[in-house]
Every structure is written in C-alpha cells, then in structure tokens.
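One file, run29.txt, is given below (compact mmCIF, C-alpha atoms).
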# COMPACT_ATOMS: atom_id res chain seq x y z
CA ARG A 1 100.60 90.09 91.02
CA ALA A 2 104.10 91.38 91.67
CA GLU A 3 107.08 89.62 93.21
CA LEU A 4 109.76 91.38 95.23
CA ALA A 5 112.50 90.73 97.75
CA ALA A 6 111.96 91.22 101.48
CA GLY A 7 113.21 94.45 103.03
CA GLN A 8 112.60 98.17 102.67
CA VAL A 9 110.45 98.91 99.60
CA ALA A 10 108.99 102.18 98.33
CA VAL A 11 105.29 101.77 97.57
CA ALA A 12 104.60 104.69 95.25
CA GLY A 13 102.26 106.12 92.68
CA VAL A 14 100.36 109.17 91.53
CA ALA A 15 96.93 110.52 92.46
CA TRP A 16 94.73 113.08 90.75
CA ALA A 17 91.52 114.93 91.53
CA PRO A 18 91.00 117.58 88.85
CA ASP A 19 90.52 121.09 90.24
CA ARG A 20 90.31 119.76 93.81
CA GLY A 21 93.86 118.57 94.35
CA ILE A 22 95.01 115.71 96.56
CA ALA A 23 95.13 116.30 100.32
CA LYS A 24 96.39 112.85 101.32
CA VAL A 25 97.00 109.31 100.15
CA GLU A 26 96.78 106.30 102.44
CA VAL A 27 98.08 102.75 102.05
CA GLN A 28 96.78 99.63 103.78
CA VAL A 29 98.86 96.45 103.97
CA ASP A 30 96.70 93.34 104.33
CA ASP A 31 93.95 94.28 106.79
CA GLY A 32 96.17 96.54 108.89
CA PRO A 33 95.63 100.21 109.67
CA TRP A 34 95.68 102.84 106.94
CA GLN A 35 99.10 104.56 106.80
CA GLU A 36 99.48 108.06 105.41
CA ALA A 37 101.88 108.30 102.48
CA GLN A 38 104.29 111.17 101.91
CA LEU A 39 103.18 113.55 99.17
CA GLY A 40 105.41 115.22 96.61
CA GLU A 41 105.25 118.89 95.71
CA VAL A 42 102.57 119.92 93.26
CA ALA A 43 102.38 122.81 90.80
CA SER A 44 98.59 123.25 91.08
CA ASP A 45 95.40 121.42 92.04
CA ALA A 46 94.99 120.42 88.40
CA THR A 47 98.16 118.28 88.29
CA TRP A 48 98.97 114.72 89.31
CA ARG A 49 100.49 114.34 92.77
CA GLN A 50 103.24 111.80 93.42
CA TRP A 51 103.21 109.88 96.69
CA TYR A 52 105.23 107.17 98.39
CA LEU A 53 105.26 105.08 101.53
CA PRO A 54 108.36 103.24 102.81
CA TRP A 55 107.29 99.65 103.55
CA ASP A 56 109.23 96.95 105.39
CA ALA A 57 108.15 94.03 103.18
CA THR A 58 108.08 90.71 105.03
CA PRO A 59 108.05 87.30 103.30
CA GLY A 60 104.66 86.00 102.21
CA GLU A 61 101.71 87.10 100.10
CA HIS A 62 100.29 90.55 100.84
CA VAL A 63 97.46 92.76 99.61
CA LEU A 64 98.19 96.48 99.25
CA ARG A 65 95.30 98.95 98.98
CA VAL A 66 95.53 102.67 98.26
CA ARG A 67 92.96 105.42 98.64
CA ALA A 68 93.15 109.18 98.14
CA THR A 69 91.44 112.13 99.79
CA ASP A 70 90.88 115.24 97.68
CA GLY A 71 91.21 118.88 98.67
CA THR A 72 87.54 119.05 99.71
CA GLY A 73 88.01 116.19 102.20
CA GLN A 74 86.23 113.55 100.12
CA THR A 75 87.93 110.15 100.48
CA GLN A 76 87.86 107.65 97.65
CA THR A 77 85.33 104.86 98.33
CA GLU A 78 86.00 101.14 98.07
CA GLU A 79 83.26 100.61 95.48
CA LEU A 80 84.50 100.56 91.87
CA ALA A 81 82.91 103.05 89.46
CA GLU A 82 83.82 104.20 85.96
CA PRO A 83 85.32 107.69 85.47
CA ALA A 84 82.28 109.17 83.70
CA PRO A 85 80.34 111.11 84.75
CA ASP A 86 81.52 111.73 88.34
CA GLY A 87 85.10 110.42 88.42
CA ALA A 88 86.49 106.99 89.12
CA THR A 89 86.23 105.40 92.55
CA GLY A 90 87.52 102.19 94.04
CA TRP A 91 90.65 101.51 95.99
CA HIS A 92 93.68 100.63 93.91
CA THR A 93 94.53 97.07 95.03
CA ARG A 94 97.57 94.91 94.25
CA ARG A 95 98.69 91.50 95.45
CA VAL A 96 102.42 91.05 96.01
CA VAL A 97 104.56 88.06 96.87
CA VAL A 98 107.59 88.84 99.00
CA THR A 99 110.46 86.33 99.05
Please go through the file and, once you have read it, give me the structure as structure tokens.
Amino acid sequence: RAELAAGQVAVAGVAWAPDRGIAKVEVQVDDGPWQEAQLGEVASDATWRQWYLPWDATPGEHVLRVRATDGTGQTQTEELAEPAPDGATGWHTRRVVVT
C-alpha cells in the first residue's frame, strides 16, 4: 500500500511482451472505466515499454489496476498465472491512500 498527496500524480511503469511488443496499456482507478496510458518510444518489440497516465488523485483509499495488450491484440487477463510456460498474466493491482 502506498501513500501520496492529493493532486496530479503520474501513474507509471513498464510493460513487456517478448517478440510481440506492447500495443497499449490501460489503467483502472477503483471500478471506473479503463483509461489508456501514454506509451514511450521503443527500440524494438523485444524491449520493455514505458507508460504513464496522469491521474488527479483525490483523498481516500483507491485501487489501481493495470493491464497490457500486446502487438497481436491479446489483452492481459485478470487471472494470475506464473510466467512459465506461457507468460505471466494477472492485472497489476495496487492500493493507495491519498491524503
């Protein structure tokens, strides 16, 4: 669980889909709609892709979820699975407290 001050916050991270690349990353705040993050430049489909989403953090406890879609159009599923043999799945989820 993270704590942060209310106001404009950059929710950011990296995504990777070896040899397929990342087509988009989406962020969900609480149970709201999925919002498409901005993607950074990438050298090739085999490299990590940085992403960020400006978020107007309001006071209270929030749940942030992130999912990625690869270059073939396959979107990460909610169900958690280990990386081997087919790659990890499961939305990255974090609870934050905004003061």
Would you list the residues near (87.1, 100.8, 93.3) (no more than 9 Å away, in the coordinates of the file, using all atoms listed in the file) as a list in words?
Gln76, Thr77, Glu78, Glu79, Leu80, Ala81, Glu82, Ala88, Thr89, Gly90, Trp91, His92 and Thr93 of chain A
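Across the structure, CA of Gln38 in chain A and CA of Gly7 in chain A are spaced 19.0 Å apart.
Distance-wise, CA of Trp16 in chain A and CA of Pro54 in chain A end up 20.7 Å apart.
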Hey, could you pull the box centre and edge lengths for range 49-68 of chain A, axis-aligned, 6 Å padding per side, all listed atoms, to one decimal in Å, as JSON?
{"center_x": 101.1, "center_y": 100.2, "center_z": 99.1, "size_x": 28.3, "size_y": 40.3, "size_z": 24.6}
Neighbouring residues of Thr47 in chain A were defined as those with any atom within 9 Å, considering all atoms listed in the file; residues of the same chain fewer than 5 positions away were excluded. Please report them as an MDAnalysis selection string.
chainID A and resid 15:19 21 42
Resulting file, chosen residues, C-alpha atoms, as a CSV table (one decimal), in the coordinates of the input:
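Writing the result to selection-v4.csv gives the following:
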chain,number,residue,atom,x,y,z
A,15,ALA,CA,96.9,110.5,92.5
A,16,TRP,CA,94.7,113.1,90.8
A,17,ALA,CA,91.5,114.9,91.5
A,18,PRO,CA,91.0,117.6,88.8
A,19,ASP,CA,90.5,121.1,90.2
A,21,GLY,CA,93.9,118.6,94.4
A,42,VAL,CA,102.6,119.9,93.3
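For the set A:Val14, A:Val63, A:Ala68, A:Val9, the residue with the smallest atom-to-atom gap to Gln50 in chain A is A:Val14, counting only C-alpha atoms.
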Report as a PyMOL selection string all protein, DNA and RNA residues lying within 12 Å of Pro33 in chain A, evaluated on only C-alpha atoms, omitting residues in the same chain fewer than 5 positions from it.
chain A and resi 26-28+64-66
Since we have the selection now, will you write its residues out, keeping C-alpha atoms, as an mmCIF file, in the frame of the given file?
data_model
loop_
_atom_site.group_PDB
_atom_site.id
_atom_site.type_symbol
_atom_site.label_atom_id
_atom_site.label_comp_id
_atom_site.auth_asym_id
_atom_site.auth_seq_id
_atom_site.Cartn_x
_atom_site.Cartn_y
_atom_site.Cartn_z
ATOM 1 C CA GLU A 26 96.780 106.300 102.440
ATOM 2 C CA VAL A 27 98.080 102.750 102.050
ATOM 3 C CA GLN A 28 96.780 99.630 103.780
ATOM 4 C CA LEU A 64 98.190 96.480 99.250
ATOM 5 C CA ARG A 65 95.300 98.950 98.980
ATOM 6 C CA VAL A 66 95.530 102.670 98.260
#
For CA of Val97 in chain A and CA of Gly40 in chain A, the interatomic separation in Å (one decimal):
27.2 Å
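Using all atoms listed in the file, the shortest contact distance between Ala23 in chain A and any of A:Glu41, A:Glu61, A:Glu3, A:Asp56 is found at A:Glu41.
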So that I can see what lies close to Pro59 in chain A, please list as a ChimeraX atom specification the residues with an atom at most 6 Å from it, counting only C-alpha atoms and leaving out residues fewer than 2 positions away in the same chain.
/A:6,98-99
Since we have the selection now, will you write its residues out, keeping C-alpha atoms, as a PDB file, in the coordinates of the input?
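The file below, result_24.pdb, is the result:
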ATOM      1  CA  ALA A   6     111.960  91.220 101.480  1.00  0.00           C
ATOM      2  CA  VAL A  98     107.590  88.840  99.000  1.00  0.00           C
ATOM      3  CA  THR A  99     110.460  86.330  99.050  1.00  0.00           C
TER       4      THR A  99
END
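Between Ala10 in chain A and the candidates A:Asp31, A:His62, A:Arg95, A:Ala37, the tightest atom-to-atom separation, counting only C-alpha atoms, involves A:Ala37.
Among A:Gly60, A:Val29, A:Asp70, A:Ile22, the residue with the shortest atom-to-atom distance to Ala43 in chain A, counting all atoms listed in the file, is A:Ile22.
Of the residues under consideration (A:Tyr52, A:Gly32, A:Val25, A:Ala57), A:Ala57 shows the shortest atom-to-atom contact distance to Val96 in chain A when counting all atoms listed in the file.
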Pick from A:Asp30, A:Arg49, A:Val11, A:Arg94, whichever lies nearest to Thr69 in chain A using only C-alpha atoms
A:Arg49
